[in-house]
>>> print(open('my_file_38.cif').read())   # mmCIF, N, CA and C atoms
data_work
#
loop_
_atom_site.label_atom_id
_atom_site.label_comp_id
_atom_site.auth_asym_id
_atom_site.auth_seq_id
_atom_site.Cartn_x
_atom_site.Cartn_y
_atom_site.Cartn_z
N MET N 2 21.25 16.06 9.36
CA MET N 2 22.69 16.26 9.36
C MET N 2 23.02 17.39 8.39
N LYS N 3 23.90 18.25 8.80
CA LYS N 3 24.35 19.34 7.94
C LYS N 3 25.83 19.56 8.18
N ILE N 4 26.54 19.84 7.12
CA ILE N 4 27.95 20.20 7.23
C ILE N 4 28.05 21.64 6.75
N GLN N 5 28.71 22.45 7.54
CA GLN N 5 28.82 23.86 7.21
C GLN N 5 30.23 24.19 6.76
N GLY N 6 30.33 24.89 5.65
CA GLY N 6 31.61 25.40 5.17
C GLY N 6 31.59 26.91 5.28
N ILE N 7 32.66 27.47 5.72
CA ILE N 7 32.77 28.92 5.84
C ILE N 7 33.35 29.46 4.55
N ASP N 8 32.70 30.45 3.95
CA ASP N 8 33.19 31.03 2.70
C ASP N 8 34.48 31.80 2.90
N GLY N 9 35.09 32.15 1.81
CA GLY N 9 36.32 32.92 1.85
C GLY N 9 37.53 32.02 1.74
N LEU N 10 38.60 32.41 2.37
CA LEU N 10 39.85 31.67 2.25
C LEU N 10 40.04 30.61 3.32
N THR N 11 39.13 30.51 4.27
CA THR N 11 39.27 29.50 5.31
C THR N 11 38.69 28.18 4.83
N PRO N 12 39.49 27.13 4.78
CA PRO N 12 39.03 25.86 4.22
C PRO N 12 38.37 24.95 5.25
N TYR N 13 37.85 25.49 6.32
CA TYR N 13 37.31 24.67 7.39
C TYR N 13 35.90 24.20 7.08
N VAL N 14 35.63 22.95 7.43
CA VAL N 14 34.30 22.37 7.30
C VAL N 14 33.93 21.87 8.69
N TYR N 15 32.75 22.25 9.15
CA TYR N 15 32.28 21.86 10.47
C TYR N 15 31.09 20.92 10.34
N PHE N 16 31.08 19.88 11.16
CA PHE N 16 29.93 18.99 11.22
C PHE N 16 28.91 19.61 12.16
N ILE N 17 27.73 19.85 11.62
CA ILE N 17 26.65 20.44 12.42
C ILE N 17 25.62 19.35 12.66
N ARG N 18 25.43 18.98 13.92
CA ARG N 18 24.47 17.94 14.27
C ARG N 18 23.05 18.51 14.21
N PRO N 19 22.07 17.63 14.04
CA PRO N 19 20.68 18.10 14.08
C PRO N 19 20.41 18.82 15.40
N GLY N 20 19.81 19.97 15.31
CA GLY N 20 19.50 20.76 16.50
C GLY N 20 20.56 21.78 16.86
N GLN N 21 21.77 21.66 16.29
CA GLN N 21 22.80 22.65 16.54
C GLN N 21 22.59 23.85 15.64
N ASN N 22 23.04 25.00 16.09
CA ASN N 22 22.90 26.24 15.34
C ASN N 22 24.19 26.52 14.57
N ALA N 23 24.09 26.50 13.25
CA ALA N 23 25.27 26.72 12.40
C ALA N 23 25.80 28.13 12.53
N VAL N 24 24.93 29.10 12.78
CA VAL N 24 25.37 30.49 12.92
C VAL N 24 26.25 30.63 14.16
N VAL N 25 25.86 30.01 15.24
CA VAL N 25 26.65 30.07 16.48
C VAL N 25 28.00 29.40 16.27
N LYS N 26 28.03 28.29 15.54
CA LYS N 26 29.27 27.56 15.30
C LYS N 26 30.29 28.42 14.54
N GLY N 27 29.83 29.31 13.67
CA GLY N 27 30.73 30.13 12.88
C GLY N 27 30.91 31.54 13.40
N LEU N 28 30.46 31.85 14.61
CA LEU N 28 30.53 33.22 15.12
C LEU N 28 31.95 33.77 15.23
N GLY N 29 32.91 32.94 15.55
CA GLY N 29 34.29 33.41 15.66
C GLY N 29 34.81 33.93 14.32
N TRP N 30 34.58 33.15 13.25
CA TRP N 30 35.00 33.57 11.91
C TRP N 30 34.19 34.77 11.43
N THR N 31 32.91 34.81 11.81
CA THR N 31 32.08 35.96 11.43
C THR N 31 32.60 37.23 12.08
N ALA N 32 32.95 37.16 13.36
CA ALA N 32 33.49 38.33 14.06
C ALA N 32 34.81 38.78 13.44
N LEU N 33 35.67 37.83 13.12
CA LEU N 33 36.94 38.17 12.49
C LEU N 33 36.73 38.85 11.13
N THR N 34 35.80 38.32 10.36
CA THR N 34 35.47 38.91 9.06
C THR N 34 34.91 40.32 9.24
N PHE N 35 34.03 40.49 10.21
CA PHE N 35 33.42 41.80 10.46
C PHE N 35 34.47 42.84 10.85
N LEU N 36 35.44 42.42 11.64
CA LEU N 36 36.45 43.37 12.12
C LEU N 36 37.55 43.65 11.09
N LEU N 37 37.99 42.64 10.35
CA LEU N 37 39.16 42.80 9.50
C LEU N 37 38.88 42.70 7.99
N GLY N 38 37.74 42.21 7.62
CA GLY N 38 37.47 41.95 6.22
C GLY N 38 37.34 43.19 5.35
N TRP N 39 36.99 44.31 5.93
CA TRP N 39 36.74 45.53 5.18
C TRP N 39 38.00 46.15 4.60
N TRP N 40 39.16 45.80 5.14
CA TRP N 40 40.37 46.55 4.83
C TRP N 40 41.07 46.13 3.55
N GLY N 41 40.61 45.11 2.90
CA GLY N 41 41.22 44.69 1.64
C GLY N 41 40.62 45.46 0.47
N ILE N 42 41.24 46.55 0.12
CA ILE N 42 40.72 47.41 -0.95
C ILE N 42 41.21 46.87 -2.29
N PRO N 43 40.42 46.76 -3.29
CA PRO N 43 39.04 47.19 -3.46
C PRO N 43 38.01 46.11 -3.18
N TRP N 44 38.43 44.84 -3.08
CA TRP N 44 37.45 43.75 -2.98
C TRP N 44 37.05 43.41 -1.55
N GLY N 45 37.74 43.91 -0.55
CA GLY N 45 37.43 43.60 0.84
C GLY N 45 35.99 43.83 1.23
N PRO N 46 35.44 45.04 0.98
CA PRO N 46 34.04 45.26 1.35
C PRO N 46 33.06 44.34 0.62
N ILE N 47 33.34 44.04 -0.63
CA ILE N 47 32.43 43.17 -1.40
C ILE N 47 32.46 41.76 -0.83
N TYR N 48 33.66 41.21 -0.64
CA TYR N 48 33.76 39.86 -0.08
C TYR N 48 33.28 39.79 1.35
N THR N 49 33.50 40.85 2.11
CA THR N 49 33.05 40.87 3.51
C THR N 49 31.53 40.79 3.59
N ILE N 50 30.84 41.58 2.79
CA ILE N 50 29.38 41.55 2.80
C ILE N 50 28.88 40.17 2.38
N GLY N 51 29.49 39.58 1.36
CA GLY N 51 29.09 38.25 0.93
C GLY N 51 29.34 37.19 1.99
N SER N 52 30.48 37.26 2.65
CA SER N 52 30.81 36.30 3.70
C SER N 52 29.88 36.44 4.90
N LEU N 53 29.62 37.67 5.30
CA LEU N 53 28.71 37.89 6.43
C LEU N 53 27.31 37.39 6.11
N SER N 54 26.86 37.63 4.90
CA SER N 54 25.54 37.14 4.48
C SER N 54 25.48 35.62 4.54
N THR N 55 26.52 34.97 4.01
CA THR N 55 26.56 33.51 4.04
C THR N 55 26.61 32.99 5.47
N ASN N 56 27.46 33.58 6.29
CA ASN N 56 27.62 33.11 7.67
C ASN N 56 26.34 33.30 8.48
N PHE N 57 25.66 34.44 8.31
CA PHE N 57 24.44 34.69 9.08
C PHE N 57 23.25 33.88 8.57
N SER N 58 23.37 33.30 7.37
CA SER N 58 22.30 32.43 6.88
C SER N 58 22.58 30.96 7.21
N GLY N 59 23.63 30.70 7.96
CA GLY N 59 23.92 29.33 8.41
C GLY N 59 25.04 28.66 7.66
N GLY N 60 25.74 29.38 6.81
CA GLY N 60 26.88 28.80 6.10
C GLY N 60 26.47 28.17 4.80
N LYS N 61 27.41 27.50 4.19
CA LYS N 61 27.20 26.83 2.91
C LYS N 61 27.14 25.34 3.17
N ASP N 62 26.06 24.72 2.76
CA ASP N 62 25.87 23.29 2.97
C ASP N 62 26.69 22.52 1.94
N VAL N 63 27.71 21.80 2.39
CA VAL N 63 28.58 21.03 1.50
C VAL N 63 28.44 19.53 1.73
N THR N 64 27.30 19.10 2.26
CA THR N 64 27.07 17.70 2.57
C THR N 64 27.22 16.82 1.34
N ASN N 65 26.61 17.23 0.22
CA ASN N 65 26.68 16.40 -1.00
C ASN N 65 28.10 16.27 -1.52
N GLU N 66 28.86 17.36 -1.48
CA GLU N 66 30.25 17.32 -1.96
C GLU N 66 31.09 16.38 -1.10
N ILE N 67 30.90 16.41 0.21
CA ILE N 67 31.63 15.53 1.12
C ILE N 67 31.22 14.08 0.88
N ALA N 68 29.92 13.84 0.75
CA ALA N 68 29.43 12.47 0.52
C ALA N 68 29.99 11.92 -0.80
N ASN N 69 30.01 12.75 -1.85
CA ASN N 69 30.55 12.31 -3.13
C ASN N 69 32.05 12.02 -3.03
N ALA N 70 32.77 12.84 -2.31
CA ALA N 70 34.21 12.64 -2.15
C ALA N 70 34.51 11.37 -1.35
N MET N 71 33.63 11.01 -0.43
CA MET N 71 33.86 9.82 0.40
C MET N 71 33.54 8.55 -0.36
N SER N 72 32.76 8.63 -1.42
CA SER N 72 32.36 7.42 -2.15
C SER N 72 33.16 7.29 -3.44
N LEU N 73 34.46 7.50 -3.35
CA LEU N 73 35.32 7.39 -4.53
C LEU N 73 35.34 6.00 -4.98
#
>>> encode(input="my_file_38.cif", output="C-alpha coordinates")
Amino acid sequence: MKIQGIDGLTPYVYFIRPGQNAVVKGLGWTALTFLLGWWGIPWGPIYTIGSLSTNFSGGKDVTNEIANAMSL
(Lines of atoms letter the chains of each structure in order from A and count residues from 1; the text may use other names and numbers.)
(Lines give C-alpha, C1' and ligand atoms only; values in the text may rest on other atoms or scores of the structure.)
Protein backbone atom coordinates (compact mmCIF):
# COMPACT_ATOMS: atom_id res chain seq x y z
CA MET A 1 0.00 0.00 0.00
CA LYS A 2 1.26 3.46 -0.85
CA ILE A 3 -0.29 6.88 -0.54
CA GLN A 4 1.00 9.52 -2.89
CA GLY A 5 1.06 13.23 -2.14
CA ILE A 6 1.72 15.73 -4.87
CA ASP A 7 4.25 18.42 -3.93
CA GLY A 8 3.61 22.11 -4.26
CA LEU A 9 0.42 23.90 -3.36
CA THR A 10 -1.99 21.09 -4.21
CA PRO A 11 -3.07 19.37 -0.99
CA TYR A 12 -4.29 16.21 -2.70
CA VAL A 13 -3.42 12.76 -1.40
CA TYR A 14 -4.11 9.74 -3.59
CA PHE A 15 -4.43 6.14 -2.45
CA ILE A 16 -2.19 4.02 -4.64
CA ARG A 17 -3.05 0.32 -4.55
CA PRO A 18 -0.36 -2.34 -4.90
CA GLY A 19 0.43 -2.73 -8.58
CA GLN A 20 -0.81 0.74 -9.54
CA ASN A 21 1.61 3.22 -11.06
CA ALA A 22 1.92 6.39 -8.98
CA VAL A 23 3.48 8.31 -11.88
CA VAL A 24 0.45 7.65 -14.08
CA LYS A 25 -1.90 8.70 -11.26
CA GLY A 26 -0.22 12.12 -11.06
CA LEU A 27 0.23 12.77 -14.81
CA GLY A 28 -2.45 15.46 -14.94
CA TRP A 29 -0.76 17.54 -12.22
CA THR A 30 2.64 16.85 -13.77
CA ALA A 31 1.47 18.15 -17.15
CA LEU A 32 -0.02 21.25 -15.53
CA THR A 33 3.22 21.90 -13.66
CA PHE A 34 5.27 21.39 -16.83
CA LEU A 35 3.14 23.85 -18.80
CA LEU A 36 2.52 26.58 -16.21
CA GLY A 37 5.02 26.14 -13.41
CA TRP A 38 7.90 27.94 -15.12
CA TRP A 39 6.21 31.34 -15.17
CA GLY A 40 6.47 32.20 -11.50
CA ILE A 41 9.61 34.32 -11.47
CA PRO A 42 12.00 33.94 -9.65
CA TRP A 43 11.04 30.70 -7.85
CA GLY A 44 8.86 29.11 -10.57
CA PRO A 45 11.66 27.29 -12.39
CA ILE A 46 13.18 26.03 -9.14
CA TYR A 47 9.89 24.71 -7.75
CA THR A 48 8.89 23.32 -11.14
CA ILE A 49 12.05 21.24 -11.45
CA GLY A 50 11.60 19.97 -7.89
CA SER A 51 7.94 19.11 -8.44
CA LEU A 52 8.62 17.34 -11.73
CA SER A 53 11.41 15.34 -10.12
CA THR A 54 9.14 14.30 -7.25
CA ASN A 55 6.23 13.46 -9.55
CA PHE A 56 8.34 11.39 -11.96
CA SER A 57 9.83 9.44 -9.05
CA GLY A 58 6.35 8.37 -7.93
CA GLY A 59 5.40 11.18 -5.58
CA LYS A 60 5.95 11.61 -1.88
CA ASP A 61 5.00 8.67 0.32
CA VAL A 62 2.89 10.04 3.18
CA THR A 63 1.60 6.70 4.48
CA ASN A 64 3.18 7.10 7.93
CA GLU A 65 1.82 10.62 8.38
CA ILE A 66 -1.71 9.48 7.46
CA ALA A 67 -1.48 6.43 9.73
CA ASN A 68 -0.28 8.60 12.64
CA ALA A 69 -3.07 11.12 12.07
CA MET A 70 -5.68 8.34 12.05
CA SER A 71 -4.50 6.92 15.37
CA LEU A 72 -5.15 10.03 17.44
>>> closest_residue(input="my_file_38.cif", among="N:Ala32, N:Ile17, N:Val24, N:Ala70", to="Ser58 in chain N", atoms="all atoms listed in the file")
N:Val24
>>> closest_residue(input="my_file_38.cif", among="N:Trp39, N:Ile50, N:Asn56, N:Trp44", to="Val25 in chain N", atoms="only N, CA and C atoms")
N:Asn56
>>> residues_around(input="my_file_38.cif", residues="Leu36 in chain N", least_positions_apart="3", cutoff="12 Å", atoms="only C-alpha atoms", output="NGL selection string")
:N and (29-33 or 39-41 or 45-46 or 49-50 or 53)
>>> select_by_dssp(input="my_file_38.cif", residues="chain N", states="alpha helix (DSSP H)", output="VMD selection string")
chain N and resid 23 to 26 28 to 37 45 to 57 64 to 71
>>> closest_residue(input="my_file_38.cif", among="N:Tyr13, N:Leu28, N:Thr34, N:Gly20", to="Ser52 in chain N", atoms="only N, CA and C atoms")
N:Thr34
>>> atom_distance(input="my_file_38.cif", atom1="CA of Ala23 in chain N", atom2="atom C of Tyr48 in chain N")
18.9 Å
